[in-house]
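Worksheet: one structure, shown below.
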Amino acid sequence: MQQRHPDPSPLVAERHESHERHLLIRHRDETDLDHTLLGAAPIGSRQLLVLASPGAHRVRSLVAVLPELLRSMPDFDADIESVWLGVGSLAADTEIAQRLAKELDVEIVAPDAGVAAMPGAALYAGHAAGGTGWHRFRPDRPVEYHGARFPLPAWESWLPTEPVERDGVVAAPAPCGLVVRDSQAGAPQRGDLAFGVPVNQRFPKIVVSGSDPVPSAAGVAALLSSMPDQPIMIVPATPQAASHSWQIELALRLGRDVVFSAGMQVGQRTGASSTVVPDADGNRLFRPFPIVLRQPAHGGDQQVVGIAPAPAGWTRDGRRSYLTGDVVADIVPSGLVLRSVDGDAADPAAEAAPFDPEGWSLMLGTAGQVVGLPVLTAAENLLAALPPDQLAAVRVRLRGTLDADAERVLNSWTDDHDQRLAAAARTTKETPATGPGGPRLLPAGLDGPREPDPPERPQRSPVMSPPVMTTSAAPVPTVSGPPDPLGPSGPRVAEPPQVRQAPPESGEAEPVPPIGGHSDTVPPPAGKALAVQDRASTAAEQARFTVAAADAFSEALAMVNAALATWPSMRVDESPGAKADYVAVCLYLGGGDGGAFVLNSALRNGQPGLLDGQVPCLTSGLRRLPTHRRAVLRQGKVNESFERGSTPGTVLTEPGFLTASMDLDVTMPGTDLDVLIWPSSARRTSELVLGRPVDEAVFVAGARFKALAVRTAAGDEERQEDADGAAVAPKVAVLFRELAPGEAPGTAELDERDLAVLAKLDGVLTRRQKGALRLVEDPATIARLTTSMVLWQDDVANAGRTAVAS
């Protein structure tokens, strides 16, 4: 009988190319593993760091073959005294770990659960990785707890090892330090982006997370007061925690300076961190130029501690400045101050406002300084090179006085371009002076007193064509000369409980992927309409839509502001994002590039429309409006509308956004068909758009409608007017019920719900045919209310969101 030899182990051990004391155990078939963090972790001369890949963890014999794999290294027995074994849960069974230490005759340090390879070269094995940390095993010695992180930072002992609750906030251990949430929102959960903030070996970071509600400054101060009075960094994962008022309260309650990041820190493969300012939902707003700031202990003005890499076309110049040619950009808490190198400039920080998580300011010159053409050109080039997120969040302000050449060039810009001043003018109470050819910028102090800038985030046109600029209110004093930087350390977001893989590399000066971002729409199959996602819009989409809408945005924003002032129920959310969503609805109910006819035609042909970002903003804006629960009316032509041929059970759909009249006492010229619908998702627009010829309701894109009956009134042929000249209802009517989301169209048979709705619609139809009607003659309204729906196709009926444009 032939003897069978056991198969060789599928595991291999390989050293890091530049660090002989770093060893990776992997499955022989694994490829494309990331060795970056393995090679970055510092280790002693007689220590060995061993990590196991995800594939190695799936091999049951991993622990059994460890002695053989380690002894295969030359000089292991002679040179190694301590082995850090990043093998998940090895220390959970102390007997196995102790036996391994005795067999190898070395010290073994192992985790009792997972290991997260974190930005900042930290191997974290504490609470956020599912365990308590690293444990030390030595031959014939009791097991000892070592700590949650490797290498062990000086601040390890300052922090709790388990979640703690104090004064209304709950703090959970995280690789970078602590993640803090309001106790009403529950304890932070592993997997939250806040747990991926890069580790700094010099100081812990306190990530303030959650927006429902936001952790109070008083609660965070109480938590920090229980810790040693040592350097820390506050990392706001929600914009409220980055606001000036929140930071002032925290500093006053602590009685010491507070150093805080301007937003969330996102780690990268290169070891540098990128800072992004998130909104309340975690979506990216913009990347700031001041990335670390200090709030003095007793209030006072903020100081810039750390800055982002220089933008394209600029170089770093000193601790808080960029340089291009003869123009300097000073980084201040609120953004940038551009000035001439040879000018007699006042302290640029003296006029700067505090950091604002809703947007940043680009200030041209300082008080009393002459602003020449080089500064205008530098501003133009800077804005043209910015990524969309930074561009959408900028306010441009003139602080100095234009010289003759600069004013002449600026006026020529306004004459030669589309005068897109709406982006700044709609969000400020300052009134730019106007002259021949459009709005014109005046130097500060020449056009009367100013009111303070409003707190909402301004939106602006795409590139300075001309630059959108306003003179500012009274300057806000700011102290300059911050102490040495206390900057963040290297970064990259972690992944599974073993050796984690890095995301694609990107630097501070490059665009950062959206946090929790979404694409506008789902790409449609060939020849089919575009399927629109029913979700909230993101900050990036709102910014793109604002830029695309240009002047129309400011006109519609005036309508939105009037509605907010009129209806208290709409003032629940007056954020710039909510206003952008409402503006999308207003433009849809208009007749321009964002109007119903243009947008729905595009959606039926698989395109997202002419205005970038409008589709998600419109969807989100409709969801902010109240639901309409009564019958609505549409009209059409008997010989042209799909509705007329809809026998009971037929399902029609509109891939776009269907509009109907909430007023049932109207009729439109040239129509001979009534379409009455009982809605389930229609949203009322009467509070948002006031003084319209018809109060309209809008159905979300992809709504489906089941035909219940076709009714024909007895009597003579239908007429547009009766004998007295009064408008009358058409003779033929089709009755529909909107299907609920996810509801199957069913068969042609009417169910109990259908019959109940049919009875209601019959009553509505009877009252309509007996009552007096008024004639609507507004062309845009007629177009929205008379466009035929689309025949529902059986092959996509189950998708519930896509239809063939028949």
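Chain labels A, B, ... are given in the sequence in which chains occur in the structure tokens; within each chain residues are numbered consecutively from 1, and ligands are likewise numbered from 1 in the order shown.
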
Within 10 Å of A:Ala378 using only C-alpha atoms, minus same-chain residues under 6 positions, as a PyMOL selection string: chain A and resi 313-314+323-329+338-339+364+384

Helix (DSSP H, G or I) residues, from DSSP on the backbone, in stretch 259-382 of chain A, as an MDAnalysis selection string: chainID A and resid 348:351 373:382

Can you write out the residues you just picked, keeping N, CA and C atoms, as a PDB file, in the first residue's frame?
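This is the output file result.pdb:
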ATOM      1  N   PRO A 348      -3.818  90.532   8.603  1.00  0.00           N
ATOM      2  CA  PRO A 348      -4.944  89.897   7.905  1.00  0.00           C
ATOM      3  C   PRO A 348      -5.910  89.208   8.858  1.00  0.00           C
ATOM      4  N   ALA A 349      -5.402  88.724  10.002  1.00  0.00           N
ATOM      5  CA  ALA A 349      -6.286  88.039  10.944  1.00  0.00           C
ATOM      6  C   ALA A 349      -7.181  89.004  11.704  1.00  0.00           C
ATOM      7  N   ALA A 350      -6.848  90.297  11.691  1.00  0.00           N
ATOM      8  CA  ALA A 350      -7.613  91.263  12.475  1.00  0.00           C
ATOM      9  C   ALA A 350      -9.025  91.451  11.944  1.00  0.00           C
ATOM     10  N   GLU A 351      -9.236  91.158  10.659  1.00  0.00           N
ATOM     11  CA  GLU A 351     -10.560  91.336  10.074  1.00  0.00           C
ATOM     12  C   GLU A 351     -11.278  90.008   9.846  1.00  0.00           C
ATOM     13  N   LEU A 373      -4.665  94.784  -9.852  1.00  0.00           N
ATOM     14  CA  LEU A 373      -5.007  93.739 -10.807  1.00  0.00           C
ATOM     15  C   LEU A 373      -4.361  92.390 -10.483  1.00  0.00           C
ATOM     16  N   PRO A 374      -3.108  92.316  -9.999  1.00  0.00           N
ATOM     17  CA  PRO A 374      -2.534  91.005  -9.670  1.00  0.00           C
ATOM     18  C   PRO A 374      -3.360  90.224  -8.649  1.00  0.00           C
ATOM     19  N   VAL A 375      -3.952  90.917  -7.660  1.00  0.00           N
ATOM     20  CA  VAL A 375      -4.775  90.220  -6.667  1.00  0.00           C
ATOM     21  C   VAL A 375      -6.040  89.669  -7.311  1.00  0.00           C
ATOM     22  N   LEU A 376      -6.674  90.476  -8.194  1.00  0.00           N
ATOM     23  CA  LEU A 376      -7.864  89.978  -8.886  1.00  0.00           C
ATOM     24  C   LEU A 376      -7.535  88.772  -9.758  1.00  0.00           C
ATOM     25  N   THR A 377      -6.404  88.848 -10.474  1.00  0.00           N
ATOM     26  CA  THR A 377      -6.005  87.729 -11.333  1.00  0.00           C
ATOM     27  C   THR A 377      -5.711  86.484 -10.508  1.00  0.00           C
ATOM     28  N   ALA A 378      -5.032  86.649  -9.371  1.00  0.00           N
ATOM     29  CA  ALA A 378      -4.737  85.510  -8.504  1.00  0.00           C
ATOM     30  C   ALA A 378      -6.027  84.892  -7.971  1.00  0.00           C
ATOM     31  N   ALA A 379      -7.010  85.729  -7.622  1.00  0.00           N
ATOM     32  CA  ALA A 379      -8.285  85.206  -7.141  1.00  0.00           C
ATOM     33  C   ALA A 379      -9.000  84.435  -8.237  1.00  0.00           C
ATOM     34  N   GLU A 380      -8.983  84.970  -9.456  1.00  0.00           N
ATOM     35  CA  GLU A 380      -9.613  84.281 -10.589  1.00  0.00           C
ATOM     36  C   GLU A 380      -8.987  82.911 -10.809  1.00  0.00           C
ATOM     37  N   ASN A 381      -7.654  82.870 -10.826  1.00  0.00           N
ATOM     38  CA  ASN A 381      -6.963  81.607 -11.058  1.00  0.00           C
ATOM     39  C   ASN A 381      -7.179  80.617  -9.919  1.00  0.00           C
ATOM     40  N   LEU A 382      -7.206  81.140  -8.697  1.00  0.00           N
ATOM     41  CA  LEU A 382      -7.433  80.255  -7.552  1.00  0.00           C
ATOM     42  C   LEU A 382      -8.807  79.601  -7.636  1.00  0.00           C
TER      43      LEU A 382
END

DSSP strand (DSSP E or B) residues within stretch 674-716 of chain A, listed as a list of chain:residue names: A:Asp674, A:Val675, A:Leu676, A:Ile677, A:Trp678, A:Arg683, A:Arg684, A:Glu696, A:Ala697, A:Val698, A:Arg704, A:Phe705, A:Lys706, A:Ala707, A:Leu708, A:Ala709, A:Val710, A:Arg711, A:Thr712

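Closest approach to A:Pro173 among A:Ser61, A:Gln201, A:Thr132, A:Thr619: A:Thr132, based on only C-alpha atoms.
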
Test item: residues at most 12 Å from A:Glu738, only C-alpha atoms, excluding those fewer than 4 positions along its chain, as a ChimeraX atom specification: /A:629-632,649-654,658,676-682,699-700,702-708,742-745,753-754,757-758

Produce a file of the selected residues containing N, CA, C and O atoms, as a compact mmCIF listing (two decimals), in the first residue's frame.
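To be explicit, this is the file written out as part_8.txt:
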# COMPACT_ATOMS: atom_id res chain seq x y z
N ARG A 629 -53.62 64.23 0.57
CA ARG A 629 -54.38 62.99 0.73
C ARG A 629 -55.73 63.03 0.04
O ARG A 629 -56.55 62.14 0.26
N ARG A 630 -56.01 64.01 -0.77
CA ARG A 630 -57.32 64.11 -1.44
C ARG A 630 -57.14 63.92 -2.95
O ARG A 630 -56.03 63.96 -3.47
N ALA A 631 -58.26 63.77 -3.62
CA ALA A 631 -58.22 63.54 -5.06
C ALA A 631 -57.58 64.72 -5.78
O ALA A 631 -57.70 65.88 -5.35
N VAL A 632 -56.86 64.42 -6.87
CA VAL A 632 -56.24 65.45 -7.70
C VAL A 632 -56.68 65.25 -9.14
O VAL A 632 -57.15 64.17 -9.53
N GLY A 649 -57.60 47.88 -14.17
CA GLY A 649 -56.46 47.01 -13.92
C GLY A 649 -55.20 47.44 -14.64
O GLY A 649 -54.10 47.03 -14.27
N THR A 650 -55.32 48.29 -15.69
CA THR A 650 -54.13 48.80 -16.38
C THR A 650 -53.32 49.68 -15.43
O THR A 650 -53.87 50.46 -14.67
N VAL A 651 -52.00 49.54 -15.51
CA VAL A 651 -51.11 50.34 -14.67
C VAL A 651 -50.29 51.26 -15.56
O VAL A 651 -49.61 50.80 -16.48
N LEU A 652 -50.38 52.55 -15.33
CA LEU A 652 -49.56 53.54 -16.03
C LEU A 652 -48.52 54.10 -15.06
O LEU A 652 -48.68 54.04 -13.84
N THR A 653 -47.48 54.68 -15.65
CA THR A 653 -46.44 55.26 -14.81
C THR A 653 -45.89 56.51 -15.47
O THR A 653 -46.03 56.70 -16.67
N GLU A 654 -45.28 57.34 -14.66
CA GLU A 654 -44.53 58.48 -15.17
C GLU A 654 -43.11 58.36 -14.65
O GLU A 654 -42.88 58.46 -13.44
N LEU A 658 -44.74 63.62 -11.87
CA LEU A 658 -46.07 63.92 -12.40
C LEU A 658 -46.74 65.01 -11.57
O LEU A 658 -46.72 64.97 -10.33
N LEU A 676 -58.87 61.70 -12.89
CA LEU A 676 -58.93 61.88 -11.45
C LEU A 676 -58.09 60.80 -10.77
O LEU A 676 -58.23 59.61 -11.09
N ILE A 677 -57.24 61.22 -9.84
CA ILE A 677 -56.30 60.29 -9.18
C ILE A 677 -56.45 60.41 -7.68
O ILE A 677 -56.49 61.52 -7.14
N TRP A 678 -56.48 59.26 -7.00
CA TRP A 678 -56.41 59.25 -5.53
C TRP A 678 -54.95 58.96 -5.16
O TRP A 678 -54.44 57.89 -5.43
N PRO A 679 -54.25 59.94 -4.56
CA PRO A 679 -52.80 59.81 -4.37
C PRO A 679 -52.41 59.09 -3.08
O PRO A 679 -53.20 58.98 -2.15
N SER A 680 -51.15 58.66 -3.06
CA SER A 680 -50.55 58.18 -1.81
C SER A 680 -49.21 58.86 -1.54
O SER A 680 -48.77 58.95 -0.40
N SER A 681 -48.53 59.38 -2.58
CA SER A 681 -47.22 60.01 -2.39
C SER A 681 -47.18 61.47 -2.84
O SER A 681 -46.13 62.10 -2.72
N ALA A 682 -48.27 62.00 -3.37
CA ALA A 682 -48.25 63.37 -3.90
C ALA A 682 -47.94 64.38 -2.80
O ALA A 682 -48.41 64.25 -1.67
N PHE A 699 -46.18 64.26 -7.79
CA PHE A 699 -45.85 62.88 -7.44
C PHE A 699 -44.35 62.66 -7.66
O PHE A 699 -43.77 63.17 -8.63
N VAL A 700 -43.74 61.86 -6.78
CA VAL A 700 -42.32 61.56 -6.95
C VAL A 700 -42.11 60.76 -8.22
O VAL A 700 -43.03 60.10 -8.72
N GLY A 702 -41.40 58.05 -10.93
CA GLY A 702 -41.63 56.61 -10.96
C GLY A 702 -42.91 56.17 -10.30
O GLY A 702 -43.13 54.97 -10.10
N ALA A 703 -43.80 57.11 -9.93
CA ALA A 703 -45.07 56.72 -9.30
C ALA A 703 -45.92 55.93 -10.30
O ALA A 703 -45.90 56.19 -11.51
N ARG A 704 -46.70 54.96 -9.78
CA ARG A 704 -47.53 54.09 -10.64
C ARG A 704 -49.00 54.28 -10.29
O ARG A 704 -49.34 54.50 -9.13
N PHE A 705 -49.84 54.14 -11.32
CA PHE A 705 -51.26 54.44 -11.17
C PHE A 705 -52.09 53.32 -11.79
O PHE A 705 -51.92 52.99 -12.97
N LYS A 706 -53.00 52.78 -11.02
CA LYS A 706 -53.85 51.69 -11.47
C LYS A 706 -55.21 52.24 -11.89
O LYS A 706 -55.87 52.95 -11.11
N ALA A 707 -55.61 51.92 -13.11
CA ALA A 707 -56.90 52.38 -13.61
C ALA A 707 -58.03 51.61 -12.92
O ALA A 707 -57.99 50.38 -12.82
N LEU A 708 -59.02 52.36 -12.44
CA LEU A 708 -60.15 51.74 -11.73
C LEU A 708 -61.41 51.72 -12.59
O LEU A 708 -62.21 50.78 -12.49
N GLY A 742 -43.67 49.69 -3.59
CA GLY A 742 -43.52 48.26 -3.36
C GLY A 742 -44.77 47.44 -3.58
O GLY A 742 -44.72 46.21 -3.54
N GLU A 743 -45.90 48.10 -3.79
CA GLU A 743 -47.15 47.36 -4.01
C GLU A 743 -47.15 46.75 -5.41
O GLU A 743 -46.90 47.43 -6.40
N ALA A 744 -47.43 45.45 -5.50
CA ALA A 744 -47.49 44.78 -6.80
C ALA A 744 -48.72 45.25 -7.55
O ALA A 744 -49.79 45.42 -6.95
N PRO A 745 -48.60 45.46 -8.88
CA PRO A 745 -49.75 45.92 -9.64
C PRO A 745 -50.95 44.98 -9.57
O PRO A 745 -52.09 45.41 -9.66
N ARG A 753 -59.35 47.61 -1.68
CA ARG A 753 -58.81 48.95 -1.63
C ARG A 753 -59.22 49.72 -2.89
O ARG A 753 -59.59 50.90 -2.82
N ASP A 754 -59.13 49.07 -4.05
CA ASP A 754 -59.54 49.72 -5.30
C ASP A 754 -61.00 50.15 -5.25
O ASP A 754 -61.35 51.27 -5.65
N VAL A 757 -61.57 53.21 -2.98
CA VAL A 757 -61.12 54.45 -3.62
C VAL A 757 -62.05 54.83 -4.77
O VAL A 757 -62.37 56.01 -4.98
N LEU A 758 -62.52 53.83 -5.53
CA LEU A 758 -63.41 54.10 -6.66
C LEU A 758 -64.68 54.81 -6.19
O LEU A 758 -65.16 55.75 -6.85

Non-local contacts of A:Leu611 (10 Å; only C-alpha atoms; under 6 positions in same chain excluded) as JSON, numbers by chain: {"A": [544, 545, 546, 547, 548, 549, 550, 584, 593, 594, 595, 599]}
